[in-house]
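A.B. asks: Handing over upload15.cif, mmCIF, C-alpha atoms.
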```cif
data_data
loop_
_atom_site.group_PDB
_atom_site.id
_atom_site.type_symbol
_atom_site.label_atom_id
_atom_site.label_comp_id
_atom_site.auth_asym_id
_atom_site.auth_seq_id
_atom_site.Cartn_x
_atom_site.Cartn_y
_atom_site.Cartn_z
ATOM 1 C CA MET L 4 71.228 58.106 85.083
ATOM 2 C CA LYS L 5 70.805 55.519 82.366
ATOM 3 C CA ASN L 6 68.259 53.688 84.534
ATOM 4 C CA LEU L 7 66.327 56.936 85.062
ATOM 5 C CA ILE L 8 66.139 57.588 81.332
ATOM 6 C CA THR L 9 65.027 54.013 80.670
ATOM 7 C CA LYS L 10 62.380 54.303 83.380
ATOM 8 C CA LEU L 11 61.062 57.634 82.022
ATOM 9 C CA LYS L 12 61.034 56.203 78.482
ATOM 10 C CA ALA L 13 59.066 53.196 79.649
ATOM 11 C CA GLU L 14 56.580 55.274 81.660
ATOM 12 C CA HIS L 15 55.966 58.106 79.178
ATOM 13 C CA TRP L 16 57.447 57.594 75.713
ATOM 14 C CA ASN L 17 56.430 53.977 75.219
ATOM 15 C CA THR L 18 52.855 54.770 76.243
ATOM 16 C CA LEU L 19 52.487 57.089 73.215
ATOM 17 C CA SER L 20 51.310 55.832 69.869
ATOM 18 C CA ALA L 21 53.632 55.841 66.845
ATOM 19 C CA THR L 22 51.853 58.908 65.372
ATOM 20 C CA GLU L 23 52.232 60.845 68.610
ATOM 21 C CA GLN L 24 55.910 59.916 68.806
ATOM 22 C CA LYS L 25 56.505 61.119 65.195
ATOM 23 C CA THR L 26 54.668 64.387 65.882
ATOM 24 C CA ILE L 27 56.762 65.058 68.982
ATOM 25 C CA LEU L 28 59.999 64.257 67.108
ATOM 26 C CA ARG L 29 59.046 66.597 64.231
ATOM 27 C CA GLY L 30 58.167 69.349 66.709
ATOM 28 C CA ALA L 31 61.501 68.844 68.444
ATOM 29 C CA TRP L 32 63.339 69.144 65.108
ATOM 30 C CA VAL L 33 61.591 72.476 64.499
ATOM 31 C CA LEU L 34 61.854 73.866 68.052
ATOM 32 C CA LEU L 35 65.445 72.821 68.758
ATOM 33 C CA PRO L 36 67.026 75.152 66.142
ATOM 34 C CA LEU L 37 64.728 78.000 67.209
ATOM 35 C CA LEU L 38 65.690 77.458 70.842
ATOM 36 C CA ALA L 39 69.408 77.349 69.969
ATOM 37 C CA TRP L 40 69.040 80.560 67.954
ATOM 38 C CA GLY L 41 67.138 82.366 70.728
ATOM 39 C CA VAL L 42 69.300 81.246 73.628
ATOM 40 C CA LEU L 43 72.795 81.039 72.104
ATOM 41 C CA TRP L 44 73.252 82.853 68.797
ATOM 42 C CA GLN L 45 70.970 85.915 69.151
ATOM 43 C CA PRO L 46 72.346 87.154 72.523
ATOM 44 C CA ALA L 47 75.920 86.657 71.316
ATOM 45 C CA HIS L 48 75.147 88.514 68.075
ATOM 46 C CA ASP L 49 73.560 91.410 69.992
ATOM 47 C CA ALA L 50 76.485 91.666 72.447
ATOM 48 C CA LEU L 51 79.183 91.681 69.758
ATOM 49 C CA PRO L 52 79.065 95.452 68.938
ATOM 50 C CA LYS L 53 79.188 96.327 72.626
ATOM 51 C CA LEU L 54 82.164 94.033 73.129
ATOM 52 C CA GLN L 55 83.935 95.531 70.120
ATOM 53 C CA THR L 56 83.623 99.025 71.608
ATOM 54 C CA THR L 57 84.597 98.104 75.178
ATOM 55 C CA LEU L 58 87.452 95.721 74.371
ATOM 56 C CA PRO L 59 90.010 98.450 73.450
ATOM 57 C CA HIS L 60 89.155 100.299 76.671
ATOM 58 C CA LEU L 61 89.604 97.118 78.715
ATOM 59 C CA ARG L 62 92.931 96.400 77.004
ATOM 60 C CA ALA L 63 94.114 99.923 77.848
ATOM 61 C CA GLN L 64 93.083 99.406 81.467
ATOM 62 C CA ALA L 65 94.939 96.083 81.573
ATOM 63 C CA ALA L 66 98.075 97.734 80.163
ATOM 64 C CA GLN L 67 97.797 100.514 82.743
ATOM 65 C CA MET L 68 97.381 97.972 85.551
ATOM 66 C CA GLN L 69 100.469 96.102 84.352
ATOM 67 C CA SER L 70 102.419 99.356 84.284
ATOM 68 C CA LEU L 71 101.276 100.228 87.804
ATOM 69 C CA ALA L 72 102.178 96.729 88.996
ATOM 70 C CA GLY L 73 105.678 97.223 87.597
ATOM 71 C CA GLN L 74 105.959 100.555 89.400
ATOM 72 C CA ALA L 75 104.754 98.974 92.642
ATOM 73 C CA GLN L 76 107.350 96.219 92.304
ATOM 74 C CA THR L 77 110.065 98.827 91.724
ATOM 75 C CA LEU L 78 108.962 100.737 94.823
ATOM 76 C CA ARG L 79 108.968 97.530 96.893
ATOM 77 C CA GLN L 80 112.577 96.907 95.932
ATOM 78 C CA GLN L 81 113.771 100.377 96.965
ATOM 79 C CA ALA L 82 115.688 100.666 100.189
ATOM 80 C CA GLN L 83 113.688 101.683 103.228
ATOM 81 C CA LEU L 84 114.878 104.485 105.472
ATOM 82 C CA ALA L 85 116.598 103.351 108.636
ATOM 83 C CA VAL L 86 114.800 104.399 111.793
ATOM 84 C CA LEU L 87 117.303 105.787 114.287
ATOM 85 C CA ASP L 88 116.961 105.172 118.011
ATOM 86 C CA SER L 89 117.086 108.150 120.380
ATOM 87 C CA ASP L 90 120.869 108.026 120.923
ATOM 88 C CA ALA L 91 121.760 107.741 117.245
ATOM 89 C CA LEU L 92 119.252 110.469 116.441
ATOM 90 C CA ARG L 93 120.775 112.703 119.152
ATOM 91 C CA THR L 94 124.250 112.187 117.684
ATOM 92 C CA ALA L 95 123.056 112.971 114.145
ATOM 93 C CA VAL L 96 121.237 116.134 115.251
ATOM 94 C CA GLU L 97 124.206 117.347 117.343
ATOM 95 C CA LYS L 98 126.652 116.872 114.444
ATOM 96 C CA SER L 99 124.318 118.656 112.047
ATOM 97 C CA ALA L 100 123.764 121.537 114.492
ATOM 98 C CA GLN L 101 127.528 121.914 115.027
ATOM 99 C CA ALA L 102 128.070 121.975 111.267
ATOM 100 C CA ALA L 103 125.441 124.724 110.968
ATOM 101 C CA ASN L 104 126.881 126.661 113.950
ATOM 102 C CA LEU L 105 123.650 126.393 115.936
ATOM 103 C CA PRO L 106 124.065 126.271 119.739
ATOM 104 C CA LEU L 107 121.394 123.647 120.487
ATOM 105 C CA LEU L 108 120.848 121.544 123.589
ATOM 106 C CA VAL L 109 119.864 118.044 122.410
ATOM 107 C CA VAL L 110 118.266 115.560 124.831
ATOM 108 C CA PRO L 111 116.954 112.050 123.971
ATOM 109 C CA ASP L 112 113.177 111.784 124.252
ATOM 110 C CA GLU L 113 110.797 108.956 123.460
ATOM 111 C CA GLN L 114 111.630 106.227 120.972
ATOM 112 C CA ASN L 115 112.942 107.664 117.678
ATOM 113 C CA SER L 116 112.838 111.285 118.868
ATOM 114 C CA VAL L 117 114.918 113.953 120.592
ATOM 115 C CA ARG L 118 114.088 117.278 122.232
ATOM 116 C CA ILE L 119 116.098 120.325 121.272
ATOM 117 C CA SER L 120 116.181 123.771 122.788
ATOM 118 C CA ALA L 121 118.024 127.031 122.229
ATOM 119 C CA GLU L 122 117.712 130.415 123.907
ATOM 120 C CA SER L 123 118.413 132.656 120.927
ATOM 121 C CA ILE L 124 119.153 131.601 117.355
ATOM 122 C CA PRO L 125 118.523 133.274 113.979
ATOM 123 C CA PHE L 126 115.152 132.204 112.612
ATOM 124 C CA ALA L 127 116.361 132.023 108.993
ATOM 125 C CA GLN L 128 119.314 129.849 110.007
ATOM 126 C CA TRP L 129 116.930 127.600 112.010
ATOM 127 C CA LEU L 130 114.675 127.109 108.975
ATOM 128 C CA GLN L 131 117.629 126.418 106.681
ATOM 129 C CA TRP L 132 119.033 123.875 109.148
ATOM 130 C CA LEU L 133 115.658 122.077 109.381
ATOM 131 C CA HIS L 134 115.438 121.929 105.609
ATOM 132 C CA VAL L 135 118.939 120.451 105.303
ATOM 133 C CA LEU L 136 118.235 118.018 108.145
ATOM 134 C CA LYS L 137 115.080 116.779 106.446
ATOM 135 C CA GLN L 138 116.705 116.463 103.023
ATOM 136 C CA THR L 139 119.904 114.744 104.100
ATOM 137 C CA GLN L 140 118.928 112.680 107.149
ATOM 138 C CA HIS L 141 115.125 112.434 106.838
ATOM 139 C CA ILE L 142 114.666 113.927 110.281
ATOM 140 C CA ARG L 143 111.637 116.156 110.702
ATOM 141 C CA VAL L 144 109.986 118.319 113.327
ATOM 142 C CA SER L 145 107.123 116.585 115.099
ATOM 143 C CA SER L 146 106.350 119.518 117.407
ATOM 144 C CA ALA L 147 107.884 122.938 117.968
ATOM 145 C CA MET L 148 107.430 126.085 119.982
ATOM 146 C CA LEU L 149 109.129 129.257 118.793
ATOM 147 C CA VAL L 150 109.107 132.507 120.760
ATOM 148 C CA SER L 151 110.481 135.700 119.281
ATOM 149 C CA SER L 152 113.206 137.370 121.298
ATOM 150 C CA SER L 153 113.876 141.070 121.776
ATOM 151 C CA GLU L 154 116.532 140.984 119.045
ATOM 152 C CA PRO L 155 115.119 141.182 115.488
ATOM 153 C CA GLY L 156 115.248 137.893 113.592
ATOM 154 C CA MET L 157 116.117 135.826 116.691
ATOM 155 C CA VAL L 158 113.895 133.169 118.297
ATOM 156 C CA LYS L 159 113.821 130.910 121.346
ATOM 157 C CA VAL L 160 113.273 127.314 120.204
ATOM 158 C CA GLN L 161 111.882 124.219 121.869
ATOM 159 C CA ALA L 162 111.145 121.354 119.499
ATOM 160 C CA THR L 163 110.891 117.614 119.143
ATOM 161 C CA LEU L 164 112.589 115.976 116.152
ATOM 162 C CA THR L 165 111.897 112.477 114.894
ATOM 163 C CA ASN L 166 112.714 110.133 112.046
ATOM 164 C CA GLY L 167 110.116 107.494 112.913
ATOM 165 C CA ALA L 168 108.456 105.092 110.503
ATOM 166 C CA ASP L 169 105.578 107.526 109.862
ATOM 167 C CA LEU L 170 107.615 109.814 107.595
#
```
As structure tokens, please, write out the structure in this file.
C.D. replies:
Amino acid sequence: MKNLITKLKAEHWNTLSATEQKTILRGAWVLLPLLAWGVLWQPAHDALPKLQTTLPHLRAQAAQMQSLAGQAQTLRQQAQLAVLDSDALRTAVEKSAQAANLPLLVVPDEQNSVRISAESIPFAQWLQWLHVLKQTQHIRVSSAMLVSSSEPGMVKVQATLTNGADL
């Protein structure tokens, strides 16, 4: 780099007369502050009011992002629900149905699901049992077919229950 500057000085600067060199130096002393003002100071001065108005908004956004990051970390540390296999799910559903006095036939189905069926059960009791099952054991209905029976308030039920990872 030093050699390049020396070469350029020898080719261009040294070929100028002393008067031309002084004129160029004086012009540089005048243009350099104007260039610094136009390129550095003026844009910064013009952007300052905009920055002063947007900075509080950006700080609020940063605080909100930090709060959300804390919430995300808290959620990551919470225990995940255990996914029951078909046999464990069958046992849990049978115990819950016995506790609710529902005569259900429970058969293991695909992974993490069981099929249940009943010929005639009270619809209100069925809904209450499903609600309790979902709240206490996180088991939900993935598909169901209900047919009303001749007795008022009674239904025939065929359903699939699951507690898979897609809850």
A.B. asks: Ranking L:Glu113, L:Glu122, L:Glu23, L:Glu14 by minimum distance to Ser153 (chain L) and counting all atoms listed in the file, which one comes first?
C.D. replies: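 Distance minimum relative to Ser153 (chain L) lands on L:Glu122.
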A.B. asks: Could you please determine the separation between CA of Gln81 (chain L) and CA of Asn115 (chain L) in Å, to one decimal place?
C.D. replies: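 Straight-line distance from CA of Gln81 (chain L) to CA of Asn115 (chain L) works out to 22.0 Å.
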A.B. asks: Rank L:Met4, L:Leu164, L:Leu149, L:Leu43 by their smallest atom-to-atom distance to Gln114 (chain L), using only C-alpha atoms, and report the top residue only.
C.D. replies: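 Nearest to Gln114 (chain L): L:Leu164.
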A.B. asks: Set the distance at 7 Å and use all atoms listed in the file: which residues neighbour Val117 (chain L) once local chain neighbours fewer than 6 positions away are removed? I'd like the list as a list in words.
C.D. replies: Ser89, Leu92, Arg93, Val109, Val110, Pro111, Thr163, Leu164 and Thr165 of chain L
A.B. asks: Just the residues within 8 Å of region 131-138 of chain L, please, counting all atoms listed in the file, with nothing from its chain fewer than 2 positions along; format it as a PyMOL selection string.
C.D. replies: chain L and resi 96+99-100+103+127-129+140-144
A.B. asks: As an exercise, work out the distance from CA of Ser116 (chain L) to CA of Asp88 (chain L) in Å and give it to one decimal place.
C.D. replies: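 One can read the CA of Ser116 (chain L) to CA of Asp88 (chain L) distance as 7.4 Å.
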A.B. asks: Can you measure CA of Pro106 (chain L) to CA of Ala121 (chain L) for me? One decimal in Å is fine.
C.D. replies: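 Calculated distance between CA of Pro106 (chain L) and CA of Ala121 (chain L) is 6.6 Å.
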A.B. asks: To test the calculation: enclose all listed atoms of region 42-49 of chain L in a box whose edges run along x, y and z, add 3 Å on each side, then state centre and edge lengths in Å to one decimal, as lines of an AutoDock Vina configuration file.
C.D. replies:
```
center_x = 72.6
center_y = 86.2
center_z = 70.9
size_x = 12.6
size_y = 16.4
size_z = 11.6
```
A.B. asks: N, CA, C and O atoms for region 32-57 of chain L, written as a CSV table (one decimal), in the coordinates of the input, could you do that?
C.D. replies:
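File written: result-v8.csv
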```csv
chain,number,residue,atom,x,y,z
L,32,TRP,N,62.4,68.7,66.2
L,32,TRP,CA,63.3,69.1,65.1
L,32,TRP,C,63.1,70.6,64.7
L,32,TRP,O,64.0,71.3,64.3
L,33,VAL,N,61.9,71.1,64.8
L,33,VAL,CA,61.6,72.5,64.5
L,33,VAL,C,62.0,73.4,65.7
L,33,VAL,O,62.6,74.5,65.5
L,34,LEU,N,61.6,73.0,66.9
L,34,LEU,CA,61.9,73.9,68.1
L,34,LEU,C,63.3,73.9,68.5
L,34,LEU,O,63.8,74.9,69.0
L,35,LEU,N,64.1,72.8,68.3
L,35,LEU,CA,65.4,72.8,68.8
L,35,LEU,C,66.3,73.9,68.1
L,35,LEU,O,67.0,74.6,68.8
L,36,PRO,N,66.3,74.1,66.8
L,36,PRO,CA,67.0,75.2,66.1
L,36,PRO,C,66.6,76.5,66.6
L,36,PRO,O,67.4,77.4,66.8
L,37,LEU,N,65.2,76.7,66.7
L,37,LEU,CA,64.7,78.0,67.2
L,37,LEU,C,65.2,78.3,68.6
L,37,LEU,O,65.6,79.4,69.0
L,38,LEU,N,65.2,77.3,69.5
L,38,LEU,CA,65.7,77.5,70.8
L,38,LEU,C,67.2,77.8,70.9
L,38,LEU,O,67.6,78.7,71.6
L,39,ALA,N,68.0,77.1,70.0
L,39,ALA,CA,69.4,77.3,70.0
L,39,ALA,C,69.7,78.8,69.5
L,39,ALA,O,70.5,79.5,70.0
L,40,TRP,N,68.9,79.2,68.5
L,40,TRP,CA,69.0,80.6,68.0
L,40,TRP,C,68.7,81.6,69.0
L,40,TRP,O,69.4,82.6,69.2
L,41,GLY,N,67.6,81.4,69.7
L,41,GLY,CA,67.1,82.4,70.7
L,41,GLY,C,68.0,82.4,72.0
L,41,GLY,O,68.2,83.5,72.6
L,42,VAL,N,68.5,81.3,72.4
L,42,VAL,CA,69.3,81.2,73.6
L,42,VAL,C,70.8,81.5,73.4
L,42,VAL,O,71.5,82.1,74.2
L,43,LEU,N,71.4,81.0,72.3
L,43,LEU,CA,72.8,81.0,72.1
L,43,LEU,C,73.2,82.1,71.1
L,43,LEU,O,74.0,83.0,71.4
L,44,TRP,N,72.7,82.0,69.9
L,44,TRP,CA,73.3,82.9,68.8
L,44,TRP,C,72.8,84.3,68.9
L,44,TRP,O,73.6,85.2,68.8
L,45,GLN,N,71.5,84.6,69.1
L,45,GLN,CA,71.0,85.9,69.2
L,45,GLN,C,71.6,86.8,70.3
L,45,GLN,O,72.0,87.9,70.0
L,46,PRO,N,71.7,86.3,71.5
L,46,PRO,CA,72.3,87.2,72.5
L,46,PRO,C,73.8,87.4,72.2
L,46,PRO,O,74.3,88.5,72.4
L,47,ALA,N,74.5,86.4,71.7
L,47,ALA,CA,75.9,86.7,71.3
L,47,ALA,C,76.0,87.7,70.2
L,47,ALA,O,76.9,88.5,70.2
L,48,HIS,N,75.1,87.6,69.2
L,48,HIS,CA,75.1,88.5,68.1
L,48,HIS,C,74.8,89.9,68.5
L,48,HIS,O,75.4,90.9,68.0
L,49,ASP,N,73.9,90.1,69.5
L,49,ASP,CA,73.6,91.4,70.0
L,49,ASP,C,74.7,92.0,70.9
L,49,ASP,O,74.9,93.2,70.9
L,50,ALA,N,75.4,91.2,71.6
L,50,ALA,CA,76.5,91.7,72.4
L,50,ALA,C,77.8,92.0,71.7
L,50,ALA,O,78.6,92.7,72.2
L,51,LEU,N,77.9,91.5,70.5
L,51,LEU,CA,79.2,91.7,69.8
L,51,LEU,C,79.6,93.2,69.5
L,51,LEU,O,80.7,93.5,69.8
L,52,PRO,N,78.7,94.0,69.1
L,52,PRO,CA,79.1,95.5,68.9
L,52,PRO,C,79.5,96.1,70.3
L,52,PRO,O,80.5,96.9,70.3
L,53,LYS,N,78.8,95.8,71.3
L,53,LYS,CA,79.2,96.3,72.6
L,53,LYS,C,80.6,95.8,73.0
L,53,LYS,O,81.4,96.6,73.5
L,54,LEU,N,80.9,94.6,72.8
L,54,LEU,CA,82.2,94.0,73.1
L,54,LEU,C,83.3,94.7,72.3
L,54,LEU,O,84.4,94.9,72.8
L,55,GLN,N,82.9,94.9,71.0
L,55,GLN,CA,83.9,95.5,70.1
L,55,GLN,C,84.3,97.0,70.5
L,55,GLN,O,85.4,97.4,70.3
L,56,THR,N,83.3,97.7,71.2
L,56,THR,CA,83.6,99.0,71.6
L,56,THR,C,84.3,99.0,73.0
L,56,THR,O,85.1,99.9,73.2
L,57,THR,N,84.0,98.1,73.8
L,57,THR,CA,84.6,98.1,75.2
L,57,THR,C,85.9,97.4,75.2
L,57,THR,O,86.7,97.6,76.1
```
